[in-house]
Amino acid sequence: MTDLAPKYNPNEVEKGRYQEWLDEDLFKPSGDKKAHPYSIVIPPPNVTGKLHLGHAWDTAIQDTLIRFKRMEGYDTLYLPGMDHAGIATQAKVEAKLRKQGKDRHQMGREAFVKQVWDWKDEYANIIKGQWAKMGLSLDYSRERFTLDKGLSKAVRKVFVQLYNEGLIYRGEYIINWDPELQTALSDIEVIHKDDKGAFYHVKYPFADGSGFVEIATTRPETMFGDTAVAVAPGDERYKDIVGKELVLPLVGRHIPIIEDQHVDPEFGTGLVKITPAHDPNDFQVGNRHNLERINVMNDDGTMNEEAGKYAGMDRFEAREALVKELKKEGYLIKVEPIVHSVGHSERSGVQVEPRLSKQWFVKMKPLAEEVLKNQKTDGKVNFVPERFEGTLNHWMEDVHDWVISRQLWWGHRIPAWYNKKTGETYVGEEAPKDIENWEQDPDVLDTWFSSALWPFSTLGWPDTDNPDFKRYFPTNTLVTGYDIIFFWVSRMIFQGLHFTKKRPFKDVVLHGLMRDEQGRKMSKSLGNGVDPMDVVDKYGADALRWFLLNGTAPGQDTRYDPKKLAAAWNFINKIWNASRFVIMNLPEDAKPAHMPDTTQFDLADSWIFDRLNHTVSEVTRLFDEYKFGEAGRELYNFIWNDFCDWYIEISKVALNGDDEELKARKQENLIWILDQILRLMHPIMPFVTEKLWLSMPHEGKSIMTAKYPETHAEFENKQADNDMAFLIEVIKAVRNIRMEVNAPMSSQIDIMIQLDDEANKHILDDNFEYVENFLHPKDLQVAADIEAPKLAKTAVIPGAQIFVPLTELVNVDDELKKMEKEEKRLEEEVQRAEKKLANQGFVAHAPEAVVNKEKEKQADYESQLAGVRERMKELKESK
């Protein structure tokens, strides 16, 4: 046995422990082929920076599940890895280089990519250090990275197969374009924000000189790409002008007036300019009417030669200059300020430009139909909470083709080559043999393309004979935030089903967002983020893990609360002190915990073991149902209330007594219950439970490989539970009476207990030693026919009423003197309030709220005074 410090110090407890676990290879699968496999692949953090509280939340839940299942005897695999995070990481490195006065285009692709690899290595080491501080039991021998050799092979295979199946194609479409990073974005990489803007009302003259139509647009700079004006079919206002031509202001080009169902006749003037190269809806209109597509912008958001004299100007500068010219030339009717929702790049923050571009796409409808069909079978992916399945289904039902090419250098290069002579396209897992005649597509794949393969590519796929793939796929549980159902969860499901014919994971456990104390989302702009490593340094990893698991419900947001972390530390300190007490009270030759002899149990023993059984049963069930907050409450109540506050206190009677046999039995019971508590708590609090478990008699190298507690039929004893509940209520009631009248626990008092049922008398008789120790009675009467004393403090509990004669609790003369002083003070307060309220100047001129407050004070003082006088009357009558 090891001596424990008087106070819990997380830094001392956690120091060096993680490395010891690694040195002993405790994180690897057991290799027991008879055991059921249980696997979790970590949601790979981006190598863009340090982990935040959301990552800590993810991993705390995952590691708790893995440790729980490992102790239950499962062959567990918790696989680590990281994501190259294409656009996000490239944006970070480019920003760093800009500060150094460098530009990736000047550096060249090879030199730039080397810089990104250096960044990746730096932050991968930081992230691994954070995993260690959190205590994550990851099998690092299987660590993966989305750009490693095996995953790259899987990416190429998937791309080529989808291409050959006609599910990947290259074409010109309107996509979201980031002018700063100069790359395409998928719809879900666009964040919509409310921006100040305007409707610019512009005259478009008829080519025949017969007048003009009024067009309202929020983006006048795109008018250089207008190829038509559209009205709704059947709109009576415009039936006579359909087919006529308009002159594009300042440009002079003629454009037709057409009818199309895209136009809402109720919105604005019912006339819409059509710019097929710069609006997704206009693109569809253009396809239906065979309109020309005119791109008016360069990749960097400047205007191109189609914009005439505005060529080379930034798009927003061009807008300002163009509006001035429209006004000068008499085309501008009015400018109507508005606030509207505008798309911004998630990574660079700049306003996204809808733009015609040749890109690679995944045809999503057939893949989405596979998911929707599978969700109606027994092999579906289960969502926790269940309501988020509707989120998945809704996205799959309304899915758009996925633009997967990115104009970046960091990522998986698209496995497509173009013949320099013939222009033909070759798509393959390997480069063409006569490579000198071919040029590879310069673009890379969207980072989610490789992340979508994560649950199976990390396990060796496409080698379906790989032992890890055969044993651990499909994985069991995915834990992540509900905010990336669209980004990642959905993609893993359709890729998993398409390529393995199996769901990639059985359950998806979704948590909410971590918010600050005011309920705001944590963000850099608000400066309200919290570094989980700072929390670990202050409170310890176990306290952070307890906070993250215990204060939440699946799918719900939670608030970061330092008071709850302090409470978590306090709870661990309570466990520490209880463990220290138990260990200090063991004999030198104490043996590891073993099953106690239930035939020798007294009431307290029978009760605590029944409560332990209940706790084991409930916590196991709640863990399996992912209800960690409820499991935490069960653990807290059993450990703090039942074990520490009651059973340990009751056991002190025997431990301090002369009966050596009874003392030995209590020691055996205490060590067994403590052992079970530490095992129950270990999945959530790995560090402190390991330290305490190794400090007491134990078998095995680590609590991590100890067996998780199970229920035992011989511990079931509902009668003991009921009887002990009655005894506890009696003790609590008398203690409360003592507190009310400031009667010290050391003083003996008369106690009268009037029973509702005489059958309960045996509980107090059989446990008189506890009654005597905790109640300190001078004279104890227990019966059903007790006559209540005239003057007493009373408490009503289930099954009884308790009376403590007042004369036993206080010195009447001393108490009367105190009451007389209090009476005088309250009389003066009442008089002061009456005088103030009798002052008509105060009542007439003071604010109503101030007058009402004074009236409330007067009523309160009068009520207190009446209570003091009633108490004085009772005391005088008792003399």
# chains A, B, ... in the order shown; residues from 1 in each chain; ligands from 1
>>> residues_around(residues="A:Ile241", least_positions_apart="4", cutoff="12 Å", atoms="only C-alpha atoms", output="VMD selection string")
chain A and resid 206 to 208 210 to 213 229 to 231 234 to 237 245 to 246 256 to 259 271
>>> residues_around(residues="stretch 601-616 of chain A", least_positions_apart="6", cutoff="10 Å", atoms="only C-alpha atoms", output="PyMOL selection string")
chain A and resi 622+631+634-639+642-643+646-648+650-651+662+665-666+669-670+672-673+676-677+680+708-725+727+763+766-767+770
>>> select_by_dssp(residues="stretch 99-144 of chain A", states="helix (DSSP H, G or I)", output="ChimeraX atom specification")
/A:99,104-107,109-134,140-142
>>> residues_around(residues="A:Ala60", least_positions_apart="2", cutoff="8 Å", atoms="only C-alpha atoms", output="PyMOL selection string")
chain A and resi 56-58+62-64+134+136+545+548-549+684
>>> residues_around(residues="stretch 497-510 of chain A", least_positions_apart="2", cutoff="8 Å", atoms="only C-alpha atoms", output="PyMOL selection string")
chain A and resi 158+367+370-371+379-385+455-456+473-482+492-495+512+554-555+626
>>> closest_residue(among="A:Trp569, A:Trp693, A:Phe112, A:Phe145", to="A:Ala541", atoms="only C-alpha atoms")
A:Trp569
>>> closest_residue(among="A:Ile42, A:Val47, A:Leu138, A:Val335", to="A:Trp119", atoms="only C-alpha atoms")
A:Val47
>>> atom_distance(atom1="atom CA of A:Val352", atom2="atom CA of A:His105")
21.9 Å
>>> closest_residue(among="A:Met595, A:Leu586, A:Ile575, A:Leu53", to="A:Trp640", atoms="only C-alpha atoms")
A:Ile575
>>> select_by_dssp(residues="stretch 252-394 of chain A", states="strand (DSSP E)", output="NGL selection string")
:A and (254-259 or 271-274 or 332-345 or 353-362 or 382-384)
>>> closest_residue(among="A:Met303, A:Gln781, A:Tyr169, A:Ile66", to="A:Asp624", atoms="only C-alpha atoms")
A:Ile66
>>> residues_around(residues="A:Glu430", least_positions_apart="2", cutoff="12 Å", atoms="only C-alpha atoms", output="short mmCIF file (atom, residue, chain, number, x, y, z; two decimals) with all heavy atoms, in the first residue's frame")
data_model
loop_
_atom_site.label_atom_id
_atom_site.label_comp_id
_atom_site.auth_asym_id
_atom_site.auth_seq_id
_atom_site.Cartn_x
_atom_site.Cartn_y
_atom_site.Cartn_z
N SER A 152 -4.16 7.35 -49.19
CA SER A 152 -4.08 7.92 -50.54
C SER A 152 -4.48 6.87 -51.58
O SER A 152 -5.17 7.18 -52.57
CB SER A 152 -2.66 8.43 -50.83
OG SER A 152 -2.36 9.50 -49.95
N LYS A 153 -4.07 5.63 -51.35
CA LYS A 153 -4.44 4.54 -52.26
C LYS A 153 -5.96 4.36 -52.26
O LYS A 153 -6.58 4.20 -53.32
CB LYS A 153 -3.76 3.25 -51.82
CG LYS A 153 -4.10 2.05 -52.70
CD LYS A 153 -3.40 0.78 -52.19
CE LYS A 153 -3.78 -0.42 -53.07
NZ LYS A 153 -3.14 -1.67 -52.57
N VAL A 155 -8.22 6.62 -51.56
CA VAL A 155 -8.83 7.78 -52.22
C VAL A 155 -8.81 7.60 -53.74
O VAL A 155 -9.81 7.83 -54.43
CB VAL A 155 -8.10 9.08 -51.81
CG1 VAL A 155 -8.48 10.23 -52.73
CG2 VAL A 155 -8.44 9.44 -50.37
N ARG A 156 -7.67 7.17 -54.27
CA ARG A 156 -7.56 6.99 -55.72
C ARG A 156 -8.52 5.90 -56.21
O ARG A 156 -9.18 6.07 -57.24
CB ARG A 156 -6.12 6.63 -56.10
CG ARG A 156 -5.13 7.77 -55.92
CD ARG A 156 -3.82 7.51 -56.64
NE ARG A 156 -3.18 6.28 -56.18
CZ ARG A 156 -2.34 6.21 -55.14
NH1 ARG A 156 -2.05 7.31 -54.45
NH2 ARG A 156 -1.78 5.06 -54.81
N LYS A 157 -8.62 4.82 -55.45
CA LYS A 157 -9.52 3.72 -55.85
C LYS A 157 -10.97 4.20 -55.89
O LYS A 157 -11.71 3.91 -56.83
CB LYS A 157 -9.39 2.54 -54.89
CG LYS A 157 -10.36 1.40 -55.26
CD LYS A 157 -10.17 0.18 -54.40
CE LYS A 157 -11.19 -0.89 -54.72
NZ LYS A 157 -11.15 -1.35 -56.13
N PHE A 159 -12.10 7.31 -56.22
CA PHE A 159 -12.30 8.27 -57.31
C PHE A 159 -12.46 7.53 -58.64
O PHE A 159 -13.41 7.79 -59.40
CB PHE A 159 -11.12 9.25 -57.39
CG PHE A 159 -11.32 10.36 -58.38
CD1 PHE A 159 -11.76 11.60 -57.96
CD2 PHE A 159 -11.06 10.17 -59.74
CE1 PHE A 159 -11.95 12.63 -58.87
CE2 PHE A 159 -11.24 11.20 -60.66
CZ PHE A 159 -11.70 12.43 -60.21
N VAL A 160 -11.55 6.62 -58.91
CA VAL A 160 -11.57 5.91 -60.19
C VAL A 160 -12.84 5.08 -60.33
O VAL A 160 -13.49 5.07 -61.38
CB VAL A 160 -10.31 5.03 -60.34
CG1 VAL A 160 -10.41 4.15 -61.59
CG2 VAL A 160 -9.07 5.92 -60.42
N ARG A 413 -4.05 14.93 -54.91
CA ARG A 413 -4.10 15.37 -56.30
C ARG A 413 -5.13 14.52 -57.06
O ARG A 413 -5.19 13.29 -56.90
CB ARG A 413 -2.71 15.19 -56.92
CG ARG A 413 -2.51 15.84 -58.27
CD ARG A 413 -2.08 17.30 -58.16
NE ARG A 413 -1.77 17.83 -59.47
CZ ARG A 413 -0.53 17.93 -59.95
NH1 ARG A 413 0.50 17.54 -59.22
NH2 ARG A 413 -0.32 18.45 -61.16
N ILE A 414 -5.95 15.17 -57.85
CA ILE A 414 -6.98 14.44 -58.62
C ILE A 414 -6.30 13.48 -59.59
O ILE A 414 -5.42 13.88 -60.38
CB ILE A 414 -7.90 15.44 -59.35
CG1 ILE A 414 -8.78 16.14 -58.32
CG2 ILE A 414 -8.74 14.74 -60.41
CD1 ILE A 414 -9.66 17.22 -58.87
N PRO A 415 -6.67 12.19 -59.56
CA PRO A 415 -6.00 11.19 -60.42
C PRO A 415 -6.53 11.21 -61.86
O PRO A 415 -7.05 10.22 -62.37
CB PRO A 415 -6.31 9.87 -59.71
CG PRO A 415 -7.63 10.10 -59.06
CD PRO A 415 -7.67 11.56 -58.67
N ALA A 416 -6.42 12.38 -62.46
CA ALA A 416 -6.86 12.56 -63.86
C ALA A 416 -5.73 13.24 -64.62
O ALA A 416 -5.09 14.17 -64.10
CB ALA A 416 -8.13 13.38 -63.93
N TRP A 417 -5.50 12.77 -65.84
CA TRP A 417 -4.44 13.33 -66.69
C TRP A 417 -5.04 13.71 -68.05
O TRP A 417 -5.96 13.05 -68.54
CB TRP A 417 -3.32 12.30 -66.92
CG TRP A 417 -2.46 12.06 -65.70
CD1 TRP A 417 -1.23 12.58 -65.45
CD2 TRP A 417 -2.75 11.21 -64.58
NE1 TRP A 417 -0.73 12.13 -64.25
CE2 TRP A 417 -1.64 11.28 -63.69
CE3 TRP A 417 -3.84 10.40 -64.23
CZ2 TRP A 417 -1.59 10.57 -62.50
CZ3 TRP A 417 -3.79 9.70 -63.03
CH2 TRP A 417 -2.67 9.79 -62.18
N TYR A 426 -7.58 10.86 -69.12
CA TYR A 426 -7.33 9.53 -68.55
C TYR A 426 -7.49 9.61 -67.03
O TYR A 426 -6.93 10.50 -66.39
CB TYR A 426 -5.92 9.06 -68.90
CG TYR A 426 -5.42 7.90 -68.03
CD1 TYR A 426 -5.81 6.59 -68.29
CD2 TYR A 426 -4.57 8.15 -66.94
CE1 TYR A 426 -5.37 5.54 -67.48
CE2 TYR A 426 -4.12 7.10 -66.14
CZ TYR A 426 -4.51 5.81 -66.41
OH TYR A 426 -4.09 4.78 -65.61
N VAL A 427 -8.29 8.70 -66.48
CA VAL A 427 -8.48 8.63 -65.03
C VAL A 427 -8.03 7.25 -64.57
O VAL A 427 -8.51 6.23 -65.08
CB VAL A 427 -9.96 8.87 -64.64
CG1 VAL A 427 -10.17 8.61 -63.15
CG2 VAL A 427 -10.37 10.29 -65.00
N GLY A 428 -7.10 7.21 -63.63
CA GLY A 428 -6.60 5.91 -63.16
C GLY A 428 -5.92 6.03 -61.82
O GLY A 428 -5.53 7.12 -61.37
N PRO A 432 -0.38 7.53 -66.29
CA PRO A 432 -0.20 6.87 -67.60
C PRO A 432 1.27 6.50 -67.81
O PRO A 432 2.17 7.15 -67.27
CB PRO A 432 -0.64 7.94 -68.61
CG PRO A 432 -1.38 8.95 -67.82
CD PRO A 432 -0.87 8.90 -66.43
N LYS A 433 1.50 5.46 -68.59
CA LYS A 433 2.87 4.97 -68.79
C LYS A 433 3.72 5.98 -69.56
O LYS A 433 4.86 6.27 -69.21
CB LYS A 433 2.84 3.62 -69.51
CG LYS A 433 2.31 2.50 -68.61
CD LYS A 433 2.28 1.17 -69.33
CE LYS A 433 1.72 0.08 -68.41
NZ LYS A 433 1.59 -1.21 -69.12
N ASP A 434 3.19 6.53 -70.64
CA ASP A 434 3.95 7.53 -71.41
C ASP A 434 3.69 8.91 -70.82
O ASP A 434 3.11 9.79 -71.47
CB ASP A 434 3.57 7.47 -72.89
CG ASP A 434 2.07 7.60 -73.11
OD1 ASP A 434 1.30 7.28 -72.17
OD2 ASP A 434 1.68 8.03 -74.22
N ILE A 435 4.13 9.09 -69.60
CA ILE A 435 3.76 10.26 -68.79
C ILE A 435 4.18 11.58 -69.43
O ILE A 435 3.54 12.62 -69.21
CB ILE A 435 4.36 10.14 -67.37
CG1 ILE A 435 3.78 11.21 -66.43
CG2 ILE A 435 5.87 10.17 -67.39
CD1 ILE A 435 2.31 11.09 -66.19
N GLN A 440 -1.02 16.09 -65.46
CA GLN A 440 -2.01 15.78 -64.41
C GLN A 440 -2.83 17.02 -64.06
O GLN A 440 -2.32 18.14 -64.07
CB GLN A 440 -1.34 15.24 -63.15
CG GLN A 440 -2.35 14.74 -62.11
CD GLN A 440 -1.70 14.04 -60.93
OE1 GLN A 440 -0.49 13.94 -60.84
NE2 GLN A 440 -2.52 13.54 -60.02
#
>>> residues_around(residues="A:Phe726", least_positions_apart="6", cutoff="9 Å", atoms="only C-alpha atoms", output="ChimeraX atom specification")
/A:760,763,797-800
>>> residues_around(residues="A:Met584", least_positions_apart="2", cutoff="10 Å", atoms="only C-alpha atoms", output="VMD selection string")
chain A and resid 1 to 4 578 to 582 586 to 588 696
>>> write_last_selection(atoms="C-alpha atoms", output="mmCIF file, in the first residue's frame")
data_model
loop_
_atom_site.group_PDB
_atom_site.id
_atom_site.type_symbol
_atom_site.label_atom_id
_atom_site.label_comp_id
_atom_site.auth_asym_id
_atom_site.auth_seq_id
_atom_site.Cartn_x
_atom_site.Cartn_y
_atom_site.Cartn_z
ATOM 1 C CA MET A 1 0.000 0.000 0.000
ATOM 2 C CA THR A 2 1.094 3.539 -0.803
ATOM 3 C CA ASP A 3 0.797 6.599 1.404
ATOM 4 C CA LEU A 4 -1.512 9.207 -0.104
ATOM 5 C CA ALA A 578 -12.568 8.583 1.324
ATOM 6 C CA SER A 579 -9.952 6.329 -0.299
ATOM 7 C CA ARG A 580 -7.254 7.658 1.975
ATOM 8 C CA PHE A 581 -9.431 6.954 5.029
ATOM 9 C CA VAL A 582 -10.187 3.397 3.911
ATOM 10 C CA LEU A 586 -6.579 -1.330 6.618
ATOM 11 C CA PRO A 587 -4.251 -3.746 8.413
ATOM 12 C CA GLU A 588 -0.671 -4.022 7.153
ATOM 13 C CA MET A 696 -4.363 -0.173 -2.097
#
>>> atom_distance(atom1="atom CA of A:Glu214", atom2="atom CA of A:Gly343")
26.2 Å
>>> decode(residues="stretch 559-570 of chain A", atoms="all heavy atoms", output="PDB file, in the first residue's frame")
ATOM      1  N   ARG A 559     -22.874  24.871 -21.438  1.00  0.00           N
ATOM      2  CA  ARG A 559     -22.115  26.092 -21.146  1.00  0.00           C
ATOM      3  C   ARG A 559     -20.873  25.749 -20.334  1.00  0.00           C
ATOM      4  O   ARG A 559     -20.941  24.961 -19.395  1.00  0.00           O
ATOM      5  CB  ARG A 559     -22.974  27.090 -20.357  1.00  0.00           C
ATOM      6  CG  ARG A 559     -24.141  27.632 -21.149  1.00  0.00           C
ATOM      7  CD  ARG A 559     -24.829  28.758 -20.413  1.00  0.00           C
ATOM      8  NE  ARG A 559     -25.988  29.248 -21.158  1.00  0.00           N
ATOM      9  CZ  ARG A 559     -26.657  30.350 -20.863  1.00  0.00           C
ATOM     10  NH1 ARG A 559     -26.280  31.082 -19.816  1.00  0.00           N
ATOM     11  NH2 ARG A 559     -27.687  30.729 -21.585  1.00  0.00           N
ATOM     12  N   TYR A 560     -19.779  26.368 -20.729  1.00  0.00           N
ATOM     13  CA  TYR A 560     -18.556  26.222 -19.948  1.00  0.00           C
ATOM     14  C   TYR A 560     -18.750  26.975 -18.636  1.00  0.00           C
ATOM     15  O   TYR A 560     -19.130  28.144 -18.636  1.00  0.00           O
ATOM     16  CB  TYR A 560     -17.362  26.789 -20.710  1.00  0.00           C
ATOM     17  CG  TYR A 560     -16.097  26.765 -19.899  1.00  0.00           C
ATOM     18  CD1 TYR A 560     -15.396  25.570 -19.727  1.00  0.00           C
ATOM     19  CD2 TYR A 560     -15.612  27.914 -19.291  1.00  0.00           C
ATOM     20  CE1 TYR A 560     -14.247  25.533 -18.966  1.00  0.00           C
ATOM     21  CE2 TYR A 560     -14.460  27.884 -18.532  1.00  0.00           C
ATOM     22  CZ  TYR A 560     -13.781  26.693 -18.371  1.00  0.00           C
ATOM     23  OH  TYR A 560     -12.641  26.651 -17.602  1.00  0.00           O
ATOM     24  N   ASP A 561     -18.505  26.305 -17.522  1.00  0.00           N
ATOM     25  CA  ASP A 561     -18.783  26.901 -16.222  1.00  0.00           C
ATOM     26  C   ASP A 561     -17.651  26.557 -15.254  1.00  0.00           C
ATOM     27  O   ASP A 561     -17.556  25.416 -14.785  1.00  0.00           O
ATOM     28  CB  ASP A 561     -20.117  26.376 -15.685  1.00  0.00           C
ATOM     29  CG  ASP A 561     -20.565  27.088 -14.419  1.00  0.00           C
ATOM     30  OD1 ASP A 561     -19.742  27.810 -13.824  1.00  0.00           O
ATOM     31  OD2 ASP A 561     -21.725  26.923 -14.015  1.00  0.00           O
ATOM     32  N   PRO A 562     -16.769  27.512 -14.934  1.00  0.00           N
ATOM     33  CA  PRO A 562     -15.665  27.243 -14.004  1.00  0.00           C
ATOM     34  C   PRO A 562     -16.146  26.738 -12.646  1.00  0.00           C
ATOM     35  O   PRO A 562     -15.446  25.951 -11.994  1.00  0.00           O
ATOM     36  CB  PRO A 562     -14.972  28.608 -13.872  1.00  0.00           C
ATOM     37  CG  PRO A 562     -15.336  29.344 -15.110  1.00  0.00           C
ATOM     38  CD  PRO A 562     -16.725  28.884 -15.459  1.00  0.00           C
ATOM     39  N   LYS A 563     -17.346  27.162 -12.232  1.00  0.00           N
ATOM     40  CA  LYS A 563     -17.865  26.696 -10.928  1.00  0.00           C
ATOM     41  C   LYS A 563     -18.121  25.183 -10.955  1.00  0.00           C
ATOM     42  O   LYS A 563     -17.900  24.487  -9.966  1.00  0.00           O
ATOM     43  CB  LYS A 563     -19.161  27.445 -10.574  1.00  0.00           C
ATOM     44  CG  LYS A 563     -18.971  28.927 -10.310  1.00  0.00           C
ATOM     45  CD  LYS A 563     -20.205  29.569  -9.719  1.00  0.00           C
ATOM     46  CE  LYS A 563     -21.326  29.694 -10.731  1.00  0.00           C
ATOM     47  NZ  LYS A 563     -21.019  30.602 -11.843  1.00  0.00           N
ATOM     48  N   LYS A 564     -18.572  24.690 -12.105  1.00  0.00           N
ATOM     49  CA  LYS A 564     -18.798  23.249 -12.222  1.00  0.00           C
ATOM     50  C   LYS A 564     -17.483  22.479 -12.245  1.00  0.00           C
ATOM     51  O   LYS A 564     -17.410  21.351 -11.765  1.00  0.00           O
ATOM     52  CB  LYS A 564     -19.624  22.945 -13.479  1.00  0.00           C
ATOM     53  CG  LYS A 564     -21.075  23.360 -13.361  1.00  0.00           C
ATOM     54  CD  LYS A 564     -21.876  22.942 -14.576  1.00  0.00           C
ATOM     55  CE  LYS A 564     -23.344  23.312 -14.417  1.00  0.00           C
ATOM     56  NZ  LYS A 564     -24.141  22.948 -15.612  1.00  0.00           N
ATOM     57  N   LEU A 565     -16.450  23.097 -12.813  1.00  0.00           N
ATOM     58  CA  LEU A 565     -15.136  22.448 -12.806  1.00  0.00           C
ATOM     59  C   LEU A 565     -14.570  22.412 -11.390  1.00  0.00           C
ATOM     60  O   LEU A 565     -13.961  21.418 -10.979  1.00  0.00           O
ATOM     61  CB  LEU A 565     -14.181  23.179 -13.747  1.00  0.00           C
ATOM     62  CG  LEU A 565     -14.385  22.777 -15.211  1.00  0.00           C
ATOM     63  CD1 LEU A 565     -13.916  23.862 -16.144  1.00  0.00           C
ATOM     64  CD2 LEU A 565     -13.665  21.473 -15.507  1.00  0.00           C
ATOM     65  N   ALA A 566     -14.769  23.498 -10.645  1.00  0.00           N
ATOM     66  CA  ALA A 566     -14.334  23.505  -9.246  1.00  0.00           C
ATOM     67  C   ALA A 566     -15.100  22.440  -8.447  1.00  0.00           C
ATOM     68  O   ALA A 566     -14.525  21.762  -7.591  1.00  0.00           O
ATOM     69  CB  ALA A 566     -14.560  24.886  -8.640  1.00  0.00           C
ATOM     70  N   ALA A 567     -16.388  22.283  -8.762  1.00  0.00           N
ATOM     71  CA  ALA A 567     -17.190  21.254  -8.090  1.00  0.00           C
ATOM     72  C   ALA A 567     -16.697  19.857  -8.459  1.00  0.00           C
ATOM     73  O   ALA A 567     -16.694  18.939  -7.627  1.00  0.00           O
ATOM     74  CB  ALA A 567     -18.660  21.418  -8.464  1.00  0.00           C
ATOM     75  N   ALA A 568     -16.263  19.687  -9.728  1.00  0.00           N
ATOM     76  CA  ALA A 568     -15.722  18.392 -10.157  1.00  0.00           C
ATOM     77  C   ALA A 568     -14.446  18.075  -9.386  1.00  0.00           C
ATOM     78  O   ALA A 568     -14.245  16.946  -8.924  1.00  0.00           O
ATOM     79  CB  ALA A 568     -15.448  18.411 -11.658  1.00  0.00           C
ATOM     80  N   TRP A 569     -13.567  19.072  -9.257  1.00  0.00           N
ATOM     81  CA  TRP A 569     -12.340  18.884  -8.464  1.00  0.00           C
ATOM     82  C   TRP A 569     -12.698  18.504  -7.030  1.00  0.00           C
ATOM     83  O   TRP A 569     -12.084  17.623  -6.426  1.00  0.00           O
ATOM     84  CB  TRP A 569     -11.503  20.166  -8.484  1.00  0.00           C
ATOM     85  CG  TRP A 569     -10.213  20.021  -7.706  1.00  0.00           C
ATOM     86  CD1 TRP A 569      -8.995  19.700  -8.208  1.00  0.00           C
ATOM     87  CD2 TRP A 569     -10.044  20.174  -6.291  1.00  0.00           C
ATOM     88  NE1 TRP A 569      -8.071  19.625  -7.195  1.00  0.00           N
ATOM     89  CE2 TRP A 569      -8.689  19.910  -6.002  1.00  0.00           C
ATOM     90  CE3 TRP A 569     -10.894  20.491  -5.239  1.00  0.00           C
ATOM     91  CZ2 TRP A 569      -8.158  19.970  -4.716  1.00  0.00           C
ATOM     92  CZ3 TRP A 569     -10.382  20.535  -3.941  1.00  0.00           C
ATOM     93  CH2 TRP A 569      -9.031  20.287  -3.688  1.00  0.00           C
ATOM     94  N   ASN A 570     -13.693  19.170  -6.488  1.00  0.00           N
ATOM     95  CA  ASN A 570     -14.121  18.913  -5.109  1.00  0.00           C
ATOM     96  C   ASN A 570     -14.642  17.485  -4.936  1.00  0.00           C
ATOM     97  O   ASN A 570     -14.390  16.825  -3.925  1.00  0.00           O
ATOM     98  CB  ASN A 570     -15.212  19.925  -4.726  1.00  0.00           C
ATOM     99  CG  ASN A 570     -15.361  20.077  -3.226  1.00  0.00           C
ATOM    100  OD1 ASN A 570     -14.373  20.025  -2.497  1.00  0.00           O
ATOM    101  ND2 ASN A 570     -16.573  20.252  -2.774  1.00  0.00           N
TER     102      ASN A 570
END
